[in-house]
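Colleague: Sharing data.cif (mmCIF, C-alpha atoms; chains and numbers go by the auth columns) below.
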data_model
#
loop_
_atom_site.group_PDB
_atom_site.id
_atom_site.type_symbol
_atom_site.label_atom_id
_atom_site.label_comp_id
_atom_site.label_asym_id
_atom_site.label_seq_id
_atom_site.Cartn_x
_atom_site.Cartn_y
_atom_site.Cartn_z
_atom_site.B_iso_or_equiv
_atom_site.auth_seq_id
_atom_site.auth_asym_id
ATOM 1 C CA MET A 1 -66.629 -3.847 -36.288 0.00 313 A
ATOM 2 C CA ASN A 2 -63.901 -3.912 -38.985 0.00 314 A
ATOM 3 C CA ASN A 3 -60.553 -5.647 -38.486 0.00 315 A
ATOM 4 C CA SER A 4 -58.541 -2.486 -37.734 0.00 316 A
ATOM 5 C CA ILE A 5 -60.942 -1.423 -34.987 0.00 317 A
ATOM 6 C CA ARG A 6 -61.029 -4.936 -33.514 0.00 318 A
ATOM 7 C CA PHE A 7 -57.230 -5.105 -33.352 0.00 319 A
ATOM 8 C CA PHE A 8 -56.875 -1.654 -31.783 0.00 320 A
ATOM 9 C CA THR A 9 -59.512 -2.413 -29.172 0.00 321 A
ATOM 10 C CA ALA A 10 -57.887 -5.714 -28.224 0.00 322 A
ATOM 11 C CA ALA A 11 -54.505 -4.019 -27.845 0.00 323 A
ATOM 12 C CA ALA A 12 -55.983 -1.256 -25.693 0.00 324 A
ATOM 13 C CA LEU A 13 -57.837 -3.666 -23.441 0.00 325 A
ATOM 14 C CA ALA A 14 -54.733 -5.797 -23.027 0.00 326 A
ATOM 15 C CA THR A 15 -52.862 -2.698 -21.934 0.00 327 A
ATOM 16 C CA CYS A 16 -55.638 -1.876 -19.481 0.00 328 A
ATOM 17 C CA ALA A 17 -55.485 -5.376 -18.009 0.00 329 A
ATOM 18 C CA VAL A 18 -51.794 -4.998 -17.336 0.00 330 A
ATOM 19 C CA GLY A 19 -52.400 -1.687 -15.579 0.00 331 A
ATOM 20 C CA ILE A 20 -50.537 1.575 -15.802 0.00 332 A
ATOM 21 C CA ALA A 21 -47.363 0.341 -14.065 0.00 333 A
ATOM 22 C CA GLN A 22 -44.520 0.809 -16.524 0.00 334 A
ATOM 23 C CA ALA A 23 -40.797 0.227 -16.945 0.00 335 A
ATOM 24 C CA TYR A 24 -38.011 1.750 -19.021 0.00 336 A
ATOM 25 C CA THR A 25 -38.131 0.848 -22.687 0.00 337 A
ATOM 26 C CA VAL A 26 -34.693 -0.560 -23.536 0.00 338 A
ATOM 27 C CA TYR A 27 -32.883 -0.605 -26.890 0.00 339 A
ATOM 28 C CA SER A 28 -29.755 -2.759 -27.140 0.00 340 A
ATOM 29 C CA GLY A 29 -27.549 -4.113 -29.906 0.00 341 A
ATOM 30 C CA VAL A 30 -24.184 -5.898 -29.877 0.00 342 A
ATOM 31 C CA ASP A 31 -21.499 -6.325 -32.544 0.00 343 A
ATOM 32 C CA GLY A 32 -18.978 -8.963 -31.512 0.00 344 A
ATOM 33 C CA ASN A 33 -15.320 -8.765 -32.377 0.00 345 A
ATOM 34 C CA GLY A 34 -12.749 -11.540 -32.233 0.00 346 A
ATOM 35 C CA ALA A 35 -9.723 -9.268 -32.476 0.00 347 A
ATOM 36 C CA GLU A 36 -8.544 -6.029 -30.925 0.00 348 A
ATOM 37 C CA VAL A 37 -9.049 -4.071 -34.138 0.00 349 A
ATOM 38 C CA ALA A 38 -11.706 -1.527 -35.071 0.00 350 A
ATOM 39 C CA LEU A 39 -14.835 -3.024 -36.588 0.00 351 A
ATOM 40 C CA ALA A 40 -15.455 -1.861 -40.155 0.00 352 A
ATOM 41 C CA SER A 41 -19.190 -1.636 -39.403 0.00 353 A
ATOM 42 C CA THR A 42 -21.480 -2.033 -36.408 0.00 354 A
ATOM 43 C CA PRO A 43 -24.910 -2.903 -37.866 0.00 355 A
ATOM 44 C CA ASN A 44 -26.502 -4.275 -34.682 0.00 356 A
ATOM 45 C CA SER A 45 -25.503 -1.454 -32.363 0.00 357 A
ATOM 46 C CA ALA A 46 -26.257 1.124 -35.065 0.00 358 A
ATOM 47 C CA ALA A 47 -29.758 -0.340 -35.476 0.00 359 A
ATOM 48 C CA ALA A 48 -30.316 -0.093 -31.710 0.00 360 A
ATOM 49 C CA GLU A 49 -29.176 3.529 -31.749 0.00 361 A
ATOM 50 C CA MET A 50 -31.537 4.313 -34.616 0.00 362 A
ATOM 51 C CA ALA A 51 -34.492 2.639 -32.881 0.00 363 A
ATOM 52 C CA PHE A 52 -33.730 4.594 -29.704 0.00 364 A
ATOM 53 C CA LYS A 53 -33.461 7.953 -31.481 0.00 365 A
ATOM 54 C CA LEU A 54 -36.617 7.393 -33.529 0.00 366 A
ATOM 55 C CA ASN A 55 -38.491 8.033 -30.270 0.00 367 A
ATOM 56 C CA LEU A 56 -36.798 11.393 -29.746 0.00 368 A
ATOM 57 C CA ILE A 57 -36.942 14.824 -31.327 0.00 369 A
ATOM 58 C CA GLY A 58 -33.710 16.843 -31.452 0.00 370 A
ATOM 59 C CA VAL A 59 -31.761 14.601 -29.105 0.00 371 A
ATOM 60 C CA GLY A 60 -28.434 16.032 -27.908 0.00 372 A
ATOM 61 C CA THR A 61 -25.269 13.914 -28.181 0.00 373 A
ATOM 62 C CA GLU A 62 -21.833 14.275 -26.562 0.00 374 A
ATOM 63 C CA ASN A 63 -19.217 12.553 -28.735 0.00 375 A
ATOM 64 C CA PHE A 64 -16.138 13.976 -26.943 0.00 376 A
ATOM 65 C CA GLU A 65 -14.734 15.423 -30.166 0.00 377 A
ATOM 66 C CA SER A 66 -14.652 18.933 -28.691 0.00 378 A
ATOM 67 C CA GLN A 67 -13.099 17.794 -25.412 0.00 379 A
ATOM 68 C CA VAL A 68 -9.376 18.283 -24.763 0.00 380 A
ATOM 69 C CA THR A 69 -7.492 15.015 -25.209 0.00 381 A
ATOM 70 C CA GLY A 70 -6.279 13.687 -21.883 0.00 382 A
ATOM 71 C CA SER A 71 -8.865 15.618 -19.857 0.00 383 A
ATOM 72 C CA THR A 72 -10.004 13.859 -16.695 0.00 384 A
ATOM 73 C CA THR A 73 -13.233 14.151 -14.750 0.00 385 A
ATOM 74 C CA PRO A 74 -15.106 16.280 -14.013 0.00 386 A
ATOM 75 C CA LEU A 75 -16.017 17.021 -17.620 0.00 387 A
ATOM 76 C CA ALA A 76 -18.635 19.556 -18.716 0.00 388 A
ATOM 77 C CA LEU A 77 -21.085 18.084 -21.245 0.00 389 A
ATOM 78 C CA ASN A 78 -23.781 19.750 -23.307 0.00 390 A
ATOM 79 C CA PHE A 79 -26.922 18.005 -24.562 0.00 391 A
ATOM 80 C CA GLY A 80 -28.683 20.857 -26.310 0.00 392 A
ATOM 81 C CA ALA A 81 -32.349 21.136 -25.343 0.00 393 A
ATOM 82 C CA ALA A 82 -31.804 18.547 -22.596 0.00 394 A
ATOM 83 C CA GLY A 83 -29.393 20.955 -20.902 0.00 395 A
ATOM 84 C CA ASN A 84 -25.870 20.794 -19.533 0.00 396 A
ATOM 85 C CA ALA A 85 -24.417 17.991 -17.457 0.00 397 A
ATOM 86 C CA THR A 86 -21.254 17.002 -15.601 0.00 398 A
ATOM 87 C CA LEU A 87 -19.439 13.696 -16.013 0.00 399 A
ATOM 88 C CA GLN A 88 -17.843 13.093 -12.629 0.00 400 A
ATOM 89 C CA GLY A 89 -16.041 10.503 -10.545 0.00 401 A
ATOM 90 C CA GLY A 90 -14.049 7.498 -11.604 0.00 402 A
ATOM 91 C CA THR A 91 -10.566 7.451 -13.063 0.00 403 A
ATOM 92 C CA GLY A 92 -11.541 8.106 -16.653 0.00 404 A
ATOM 93 C CA PHE A 93 -10.064 10.403 -19.269 0.00 405 A
ATOM 94 C CA VAL A 94 -10.659 11.535 -22.848 0.00 406 A
ATOM 95 C CA ASN A 95 -8.596 9.383 -25.181 0.00 407 A
ATOM 96 C CA SER A 96 -7.916 9.857 -28.880 0.00 408 A
ATOM 97 C CA VAL A 97 -7.022 7.366 -31.601 0.00 409 A
ATOM 98 C CA ALA A 98 -6.850 7.708 -35.359 0.00 410 A
ATOM 99 C CA ALA A 99 -10.070 6.922 -37.217 0.00 411 A
ATOM 100 C CA GLY A 100 -10.256 3.269 -38.225 0.00 412 A
ATOM 101 C CA SER A 101 -7.714 2.133 -35.632 0.00 413 A
ATOM 102 C CA THR A 102 -7.713 1.340 -31.903 0.00 414 A
ATOM 103 C CA ASN A 103 -5.574 2.268 -28.926 0.00 415 A
ATOM 104 C CA GLY A 104 -3.809 -1.074 -29.466 0.00 416 A
ATOM 105 C CA VAL A 105 -6.019 -3.098 -27.140 0.00 417 A
ATOM 106 C CA GLY A 106 -9.468 -2.786 -28.673 0.00 418 A
ATOM 107 C CA ARG A 107 -10.847 0.619 -27.720 0.00 419 A
ATOM 108 C CA TYR A 108 -11.740 3.372 -30.157 0.00 420 A
ATOM 109 C CA SER A 109 -14.311 6.032 -31.008 0.00 421 A
ATOM 110 C CA VAL A 110 -17.790 4.862 -32.078 0.00 422 A
ATOM 111 C CA PRO A 111 -19.723 5.479 -34.269 0.00 423 A
ATOM 112 C CA GLY A 112 -17.100 7.798 -35.745 0.00 424 A
ATOM 113 C CA GLY A 113 -14.551 10.449 -34.970 0.00 425 A
ATOM 114 C CA THR A 114 -11.365 9.980 -32.976 0.00 426 A
ATOM 115 C CA GLN A 115 -12.150 10.668 -29.310 0.00 427 A
ATOM 116 C CA TYR A 116 -13.980 8.740 -26.591 0.00 428 A
ATOM 117 C CA PHE A 117 -14.122 8.369 -22.799 0.00 429 A
ATOM 118 C CA GLU A 118 -11.950 5.593 -21.351 0.00 430 A
ATOM 119 C CA THR A 119 -12.106 4.299 -17.789 0.00 431 A
ATOM 120 C CA VAL A 120 -10.843 1.386 -15.738 0.00 432 A
ATOM 121 C CA ALA A 121 -13.473 -1.019 -14.414 0.00 433 A
ATOM 122 C CA GLY A 122 -14.494 -1.721 -10.851 0.00 434 A
ATOM 123 C CA GLY A 123 -14.207 -0.244 -7.373 0.00 435 A
ATOM 124 C CA SER A 124 -13.589 3.486 -7.178 0.00 436 A
ATOM 125 C CA SER A 125 -13.911 3.782 -10.960 0.00 437 A
ATOM 126 C CA THR A 126 -17.693 4.169 -10.762 0.00 438 A
ATOM 127 C CA PHE A 127 -18.626 7.366 -12.588 0.00 439 A
ATOM 128 C CA SER A 128 -21.837 9.301 -13.092 0.00 440 A
ATOM 129 C CA ILE A 129 -23.406 11.979 -15.255 0.00 441 A
ATOM 130 C CA ALA A 130 -25.375 14.633 -13.380 0.00 442 A
ATOM 131 C CA PHE A 131 -27.925 16.705 -15.318 0.00 443 A
ATOM 132 C CA GLN A 132 -29.223 20.178 -14.560 0.00 444 A
ATOM 133 C CA GLN A 133 -32.811 19.071 -15.009 0.00 445 A
ATOM 134 C CA ASP A 134 -34.876 15.887 -15.033 0.00 446 A
ATOM 135 C CA VAL A 135 -34.400 13.903 -18.244 0.00 447 A
ATOM 136 C CA ALA A 136 -36.221 10.925 -19.685 0.00 448 A
ATOM 137 C CA ALA A 137 -33.915 9.234 -22.190 0.00 449 A
ATOM 138 C CA PHE A 138 -30.297 8.147 -22.157 0.00 450 A
ATOM 139 C CA GLY A 139 -28.224 6.134 -24.634 0.00 451 A
ATOM 140 C CA PHE A 140 -24.556 5.420 -25.321 0.00 452 A
ATOM 141 C CA TYR A 141 -21.978 3.226 -27.056 0.00 453 A
ATOM 142 C CA GLY A 142 -19.775 0.868 -25.048 0.00 454 A
ATOM 143 C CA ILE A 143 -16.510 -0.464 -26.484 0.00 455 A
ATOM 144 C CA ASP A 144 -14.353 -3.400 -25.373 0.00 456 A
ATOM 145 C CA ILE A 145 -16.680 -4.357 -22.527 0.00 457 A
ATOM 146 C CA GLY A 146 -16.753 -7.918 -21.245 0.00 458 A
ATOM 147 C CA ASP A 147 -13.542 -9.387 -22.670 0.00 459 A
ATOM 148 C CA ILE A 148 -12.246 -10.070 -19.130 0.00 460 A
ATOM 149 C CA SER A 149 -15.671 -11.022 -17.743 0.00 461 A
ATOM 150 C CA GLY A 150 -16.419 -7.394 -16.979 0.00 462 A
ATOM 151 C CA THR A 151 -19.988 -6.267 -16.359 0.00 463 A
ATOM 152 C CA VAL A 152 -21.706 -2.902 -16.589 0.00 464 A
ATOM 153 C CA LYS A 153 -25.008 -1.677 -15.209 0.00 465 A
ATOM 154 C CA VAL A 154 -26.561 1.767 -15.080 0.00 466 A
ATOM 155 C CA GLU A 155 -28.580 3.229 -12.246 0.00 467 A
ATOM 156 C CA PHE A 156 -30.970 6.136 -12.716 0.00 468 A
ATOM 157 C CA LEU A 157 -31.320 8.500 -9.750 0.00 469 A
ATOM 158 C CA ASN A 158 -33.841 11.256 -9.130 0.00 470 A
ATOM 159 C CA ALA A 159 -33.191 14.738 -7.749 0.00 471 A
ATOM 160 C CA SER A 160 -33.101 13.284 -4.211 0.00 472 A
ATOM 161 C CA ASP A 161 -30.387 10.777 -5.233 0.00 473 A
ATOM 162 C CA ILE A 162 -32.855 7.915 -4.892 0.00 474 A
ATOM 163 C CA VAL A 163 -32.409 5.088 -7.403 0.00 475 A
ATOM 164 C CA VAL A 164 -35.514 4.914 -9.596 0.00 476 A
ATOM 165 C CA GLY A 165 -34.177 2.351 -12.040 0.00 477 A
ATOM 166 C CA SER A 166 -31.320 -0.125 -12.472 0.00 478 A
ATOM 167 C CA LEU A 167 -30.549 -1.897 -15.750 0.00 479 A
ATOM 168 C CA ALA A 168 -27.890 -4.438 -16.724 0.00 480 A
ATOM 169 C CA VAL A 169 -25.997 -3.304 -19.821 0.00 481 A
ATOM 170 C CA ALA A 170 -23.450 -6.081 -20.267 0.00 482 A
ATOM 171 C CA THR A 171 -23.007 -9.231 -18.222 0.00 483 A
ATOM 172 C CA ALA A 172 -20.282 -11.855 -18.053 0.00 484 A
ATOM 173 C CA THR A 173 -22.420 -14.042 -20.339 0.00 485 A
ATOM 174 C CA THR A 174 -23.116 -11.393 -22.991 0.00 486 A
ATOM 175 C CA GLY A 175 -20.434 -12.915 -25.207 0.00 487 A
ATOM 176 C CA LEU A 176 -18.496 -9.733 -25.890 0.00 488 A
ATOM 177 C CA GLN A 177 -14.816 -10.106 -26.728 0.00 489 A
ATOM 178 C CA ASN A 178 -11.905 -7.782 -27.335 0.00 490 A
ATOM 179 C CA GLY A 179 -12.967 -4.696 -29.301 0.00 491 A
ATOM 180 C CA SER A 180 -16.677 -5.494 -29.425 0.00 492 A
ATOM 181 C CA VAL A 181 -19.209 -2.670 -29.624 0.00 493 A
ATOM 182 C CA LEU A 182 -22.618 -2.347 -28.002 0.00 494 A
ATOM 183 C CA TYR A 183 -25.309 0.300 -27.953 0.00 495 A
ATOM 184 C CA PHE A 184 -27.647 0.700 -25.016 0.00 496 A
ATOM 185 C CA GLY A 185 -30.511 3.129 -24.646 0.00 497 A
ATOM 186 C CA ALA A 186 -33.384 3.507 -22.188 0.00 498 A
ATOM 187 C CA ILE A 187 -36.469 5.729 -22.191 0.00 499 A
ATOM 188 C CA ALA A 188 -38.611 6.437 -19.131 0.00 500 A
ATOM 189 C CA GLN A 189 -42.267 5.466 -19.475 0.00 501 A
ATOM 190 C CA SER A 190 -43.641 7.404 -16.503 0.00 502 A
ATOM 191 C CA ASN A 191 -42.898 10.528 -14.488 0.00 503 A
ATOM 192 C CA ALA A 192 -41.680 8.340 -11.629 0.00 504 A
ATOM 193 C CA GLU A 193 -38.841 7.129 -13.863 0.00 505 A
ATOM 194 C CA LEU A 194 -37.486 10.540 -14.817 0.00 506 A
ATOM 195 C CA PHE A 195 -33.931 10.942 -13.583 0.00 507 A
ATOM 196 C CA ARG A 196 -31.463 13.667 -12.653 0.00 508 A
ATOM 197 C CA SER A 197 -28.301 11.538 -12.900 0.00 509 A
ATOM 198 C CA VAL A 198 -26.983 8.265 -14.326 0.00 510 A
ATOM 199 C CA ARG A 199 -24.459 6.155 -12.437 0.00 511 A
ATOM 200 C CA PHE A 200 -22.254 3.605 -14.198 0.00 512 A
ATOM 201 C CA ILE A 201 -21.239 0.624 -12.088 0.00 513 A
ATOM 202 C CA SER A 202 -18.681 -1.693 -13.653 0.00 514 A
ATOM 203 C CA THR A 203 -16.705 -4.734 -12.608 0.00 515 A
ATOM 204 C CA GLY A 204 -13.627 -6.403 -14.001 0.00 516 A
ATOM 205 C CA VAL A 205 -10.075 -7.240 -13.034 0.00 517 A
ATOM 206 C CA ASP A 206 -7.404 -5.111 -14.718 0.00 518 A
ATOM 207 C CA ASP A 207 -9.933 -4.224 -17.394 0.00 519 A
ATOM 208 C CA PHE A 208 -10.629 -0.965 -19.211 0.00 520 A
ATOM 209 C CA PHE A 209 -13.810 0.107 -20.976 0.00 521 A
ATOM 210 C CA GLY A 210 -14.551 2.734 -23.609 0.00 522 A
ATOM 211 C CA PHE A 211 -17.727 4.850 -23.795 0.00 523 A
ATOM 212 C CA ASP A 212 -18.827 7.204 -26.549 0.00 524 A
ATOM 213 C CA SER A 213 -21.704 9.196 -28.008 0.00 525 A
ATOM 214 C CA PHE A 214 -23.810 9.749 -24.886 0.00 526 A
ATOM 215 C CA SER A 215 -27.288 10.873 -26.020 0.00 527 A
ATOM 216 C CA VAL A 216 -29.837 12.514 -23.720 0.00 528 A
ATOM 217 C CA GLY A 217 -33.448 13.527 -24.221 0.00 529 A
ATOM 218 C CA ALA A 218 -35.741 15.587 -22.009 0.00 530 A
ATOM 219 C CA GLN A 219 -39.336 14.494 -21.519 0.00 531 A
ATOM 220 C CA SER A 220 -40.457 17.210 -23.953 0.00 532 A
ATOM 221 C CA GLN A 221 -38.288 15.631 -26.673 0.00 533 A
ATOM 222 C CA ILE A 222 -39.968 12.232 -26.546 0.00 534 A
ATOM 223 C CA SER A 223 -42.376 11.343 -29.339 0.00 535 A
ATOM 224 C CA ARG A 224 -44.410 8.245 -28.483 0.00 536 A
ATOM 225 C CA VAL A 225 -47.872 6.655 -28.681 0.00 537 A
ATOM 226 C CA PRO A 226 -50.481 7.654 -26.075 0.00 538 A
ATOM 227 C CA GLU A 227 -49.947 6.526 -22.476 0.00 539 A
ATOM 228 C CA PRO A 228 -51.591 3.190 -21.513 0.00 540 A
ATOM 229 C CA ALA A 229 -54.374 4.939 -19.585 0.00 541 A
ATOM 230 C CA SER A 230 -55.268 6.921 -22.716 0.00 542 A
ATOM 231 C CA LEU A 231 -55.142 3.796 -24.864 0.00 543 A
ATOM 232 C CA ALA A 232 -57.456 2.016 -22.458 0.00 544 A
ATOM 233 C CA LEU A 233 -60.024 4.813 -22.678 0.00 545 A
ATOM 234 C CA ILE A 234 -59.844 4.759 -26.476 0.00 546 A
ATOM 235 C CA GLY A 235 -60.233 0.985 -26.439 0.00 547 A
ATOM 236 C CA ILE A 236 -63.279 1.130 -24.194 0.00 548 A
ATOM 237 C CA ALA A 237 -64.815 3.782 -26.435 0.00 549 A
ATOM 238 C CA LEU A 238 -64.204 1.674 -29.546 0.00 550 A
ATOM 239 C CA LEU A 239 -65.609 -1.394 -27.824 0.00 551 A
ATOM 240 C CA GLY A 240 -68.779 0.561 -27.018 0.00 552 A
ATOM 241 C CA LEU A 241 -68.952 1.651 -30.643 0.00 553 A
ATOM 242 C CA GLY A 242 -68.752 -1.970 -31.769 0.00 554 A
ATOM 243 C CA LEU A 243 -71.467 -3.077 -29.368 0.00 555 A
ATOM 244 C CA SER A 244 -73.768 -0.267 -30.471 0.00 556 A
ATOM 245 C CA ARG A 245 -73.305 -1.323 -34.112 0.00 557 A
ATOM 246 C CA ARG A 246 -74.252 -4.898 -33.245 0.00 558 A
ATOM 247 C CA ARG A 247 -77.491 -3.698 -31.664 0.00 559 A
ATOM 248 C CA VAL A 248 -78.326 -1.872 -34.861 0.00 560 A
#
Mind converting the file's structure to C-alpha cells?
Modeller:
Amino acid sequence: MNNSIRFFTAAALATCAVGIAQAYTVYSGVDGNGAEVALASTPNSAAAEMAFKLNLIGVGTENFESQVTGSTTPLALNFGAAGNATLQGGTGFVNSVAAGSTNGVGRYSVPGGTQYFETVAGGSSTFSIAFQQDVAAFGFYGIDIGDISGTVKVEFLNASDIVVGSLAVATATTGLQNGSVLYFGAIAQSNAELFRSVRFISTGVDDFFGFDSFSVGAQSQISRVPEPASLALIGIALLGLGLSRRRV
C-alpha cells in the first residue's frame, strides 16, 4: 500500500473509532486593541472569517449598511439563499460612525462600512436572531467585548426552541480590551445541530458591545469532506485493498 493510501486509511479508521457523534466546528480569531480607536487592520479575525467562509458557498451576510440608523429591534434581516430572519429582543440599535473612527468609546463597523448593531450587556439585553428555516452555519464580528470583564455566549435552538448547542464566544479571561475585534463562526456537523434561531447571552456591568457582519449558511450551502461514517467505509475498503495486495 503506498503512503497516500496508508495515511487516508489511518485517518478514516481513527474517525470510525471516535464514532459518528459530532460537534460544531468553530472558527475564532481575536485582534487586541489597547486604545479606544479603530484598528487599522484585523488580521486574526479576518483569517477566522475567511476560514469559516471557505466552507460555504454563496453565504449571505447582513452588514447593517442598508438599515436605518437608530433603528431598534425587531430588525428584518436577509441572508440570501439562507432566507430571511428577524433580530429581536434586547435594547440594541443600529449605530453609525465614520469609516476609520469609533463612536468615541471603542465601537465601530467591522470589517468595513459605517454601520453596526450596538447593544448593552447583561440582563434583559439578551437578543436573538430567528430564521425562517433551519440553518447550519453562523458567524459574526464582535467589537469592544470584554473590556469590563464582559462575556458572550451563543445558544443554538431548534424549531421547538430546544437548545441544541451552546458555545462561549468571549470570556473574562479572553484578554480583550477597549476596541478589540473578534470573529466567531460555527458550522453544524450533523442534522441534530441544525438550528432555527441563535440567542446571544452577554454579561457585563455598564458595558456595551458592538456586533457586525452576521453571516448565515443553509445546510445546502456547506461544502465539506464526506461525513465520518462515509470516511470510515472508504477507510475499511482501502484497508481491504491493502490486505488483498499483501496476499498477492
Colleague: Counting all atoms listed in the file, which of A:Ser525, A:Ala504, A:Val338, A:Thr373 gets nearest to A:Gly425?
Modeller: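 For A:Gly425, the nearest of the given residues is A:Ser525.
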Colleague: Please report the interatomic distance between atom CA of A:Asn415 and atom CA of A:Ser440 in Å with one decimal.
Modeller: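 These two atoms are separated by 23.8 Å.
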Colleague: Kindly indicate which residue among A:Val349, A:Val517, A:Leu488, A:Ala442 lies nearest to A:Ile457, using all atoms listed in the file for the distances.
Modeller: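 Of A:Val349, A:Val517, A:Leu488, A:Ala442, the one nearest A:Ile457 is A:Leu488, counting all atoms listed in the file.
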Colleague: Could you write out as JSON the box around stretch 469-474 of chain A (axis-aligned, all atoms listed in the file, 8 Å on each side), with centre and edge lengths in Å to one decimal?
Modeller:
{"center_x": -32.1, "center_y": 11.3, "center_z": -7.0, "size_x": 19.5, "size_y": 22.8, "size_z": 21.5}
Colleague: When you look at A:Val371 with a cut-off of 7 Å (counting only C-alpha atoms), what residues show up, excluding the ones that are within fewer than 2 positions of it in the same chain? I need them as a list in words.
Modeller: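 The contact residues come out as Leu368, Ile369, Thr373, Ser527, Val528 and Gly529 of chain A.
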Colleague: Please produce a file of the residues just selected, as a compact mmCIF listing (two decimals), keeping the file's coordinate frame, where the atoms kept are C-alpha atoms.
Modeller:
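Result saved to out-v2.txt:
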# COMPACT_ATOMS: atom_id res chain seq x y z
CA LEU A 368 -36.80 11.39 -29.75
CA ILE A 369 -36.94 14.82 -31.33
CA THR A 373 -25.27 13.91 -28.18
CA SER A 527 -27.29 10.87 -26.02
CA VAL A 528 -29.84 12.51 -23.72
CA GLY A 529 -33.45 13.53 -24.22
Colleague: Pick the closest to A:Phe443 from A:Ile460, A:Gly477, A:Gly392, A:Thr483: which is it, counting all atoms listed in the file?
Modeller: A:Gly392
Colleague: Here is a test: counting all atoms listed in the file, which residue of A:Leu366, A:Ala498, A:Ala335, A:Leu479 is nearest to A:Val466?
Modeller: A:Leu479
Colleague: Which neighbours of stretch 377-384 of chain A fall inside 10 Å, counting only C-alpha atoms, when residues of the same chain fewer than 3 positions from it are skipped, and could you give them as an NGL selection string?
Modeller: :A and (374 or 387-389 or 399-409 or 421 or 424-431 or 524-525)
Colleague: Set the distance at 10 Å and use all atoms listed in the file: which residues neighbour A:Ser436 once local chain neighbours fewer than 2 positions away are removed? I'd like the list as a PyMOL selection string.
Modeller: chain A and resi 401-403+432-434+438-439+513-514
Colleague: Write out as a ChimeraX atom specification each polymer residue whose atoms come within 6 Å of A:Tyr453, counting all atoms listed in the file; drop sequence neighbours fewer than 4 positions from it.
Modeller: /A:494-495,523-524
Colleague: Please enumerate the residues selected by the PyMOL selection byres ((chain A and resi 341) around 7) when evaluated against the supplied file, formatted as an mmCIF file with C-alpha atoms, keeping the file's coordinate frame.
Modeller:
data_model
loop_
_atom_site.group_PDB
_atom_site.id
_atom_site.type_symbol
_atom_site.label_atom_id
_atom_site.label_comp_id
_atom_site.auth_asym_id
_atom_site.auth_seq_id
_atom_site.Cartn_x
_atom_site.Cartn_y
_atom_site.Cartn_z
ATOM 1 C CA SER A 340 -29.755 -2.759 -27.140
ATOM 2 C CA VAL A 342 -24.184 -5.898 -29.877
ATOM 3 C CA ASP A 343 -21.499 -6.325 -32.544
ATOM 4 C CA ASN A 356 -26.502 -4.275 -34.682
ATOM 5 C CA SER A 357 -25.503 -1.454 -32.363
ATOM 6 C CA ALA A 360 -30.316 -0.093 -31.710
ATOM 7 C CA LEU A 494 -22.618 -2.347 -28.002
ATOM 8 C CA TYR A 495 -25.309 0.300 -27.953
ATOM 9 C CA PHE A 496 -27.647 0.700 -25.016
#
Colleague: Could you check how far atom CA of A:Ile455 sits from atom CA of A:Ile499, in Å to one decimal?
Modeller: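 Taking atom CA of A:Ile455 as the start and atom CA of A:Ile499 as the end point, the length is 21.3 Å.
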Colleague: What do you get, as a compact mmCIF listing (two decimals) with C-alpha atoms, in the frame of the given file, if you spell out every residue that the PyMOL selection byres ((chain A and resi 467-470) around 6) selects here?
Modeller:
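out.txt was written with the following content:
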# COMPACT_ATOMS: atom_id res chain seq x y z
CA VAL A 466 -26.56 1.77 -15.08
CA ALA A 471 -33.19 14.74 -7.75
CA SER A 472 -33.10 13.28 -4.21
CA ASP A 473 -30.39 10.78 -5.23
CA ILE A 474 -32.85 7.92 -4.89
CA VAL A 475 -32.41 5.09 -7.40
CA VAL A 476 -35.51 4.91 -9.60
CA GLY A 477 -34.18 2.35 -12.04
CA SER A 478 -31.32 -0.12 -12.47
CA PHE A 507 -33.93 10.94 -13.58
CA ARG A 508 -31.46 13.67 -12.65
CA SER A 509 -28.30 11.54 -12.90
CA VAL A 510 -26.98 8.26 -14.33
CA ARG A 511 -24.46 6.16 -12.44
Colleague: Looking at A:Ala530, A:Gly458, A:Asp446, A:Ser437, which one is nearest to A:Phe512, with distances taken over all atoms listed in the file?
Modeller: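 Ranking A:Ala530, A:Gly458, A:Asp446, A:Ser437 by distance to A:Phe512, first place goes to A:Ser437.
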Colleague: Figure out the distance between atom CA of A:Gly416 and atom CA of A:Phe450, please, to one decimal in Å.
Modeller: 29.0 Å
Colleague: Which residues would end up in the selection if the PyMOL selection byres ((chain A and resi 490) around 6) were applied here, given that I need the answer as a list of chain:residue names?
Modeller: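 Output of the PyMOL selection byres ((chain A and resi 490) around 6): A:Ala347, A:Glu348, A:Gly418, A:Asp456, A:Asp459, A:Gln489, A:Gly491, A:Ser492.
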Colleague: For A:Leu351, which residue among A:Ala397, A:Val493, A:Val447, A:Leu506 is the nearest when counting all atoms listed in the file?
Modeller: A:Val493
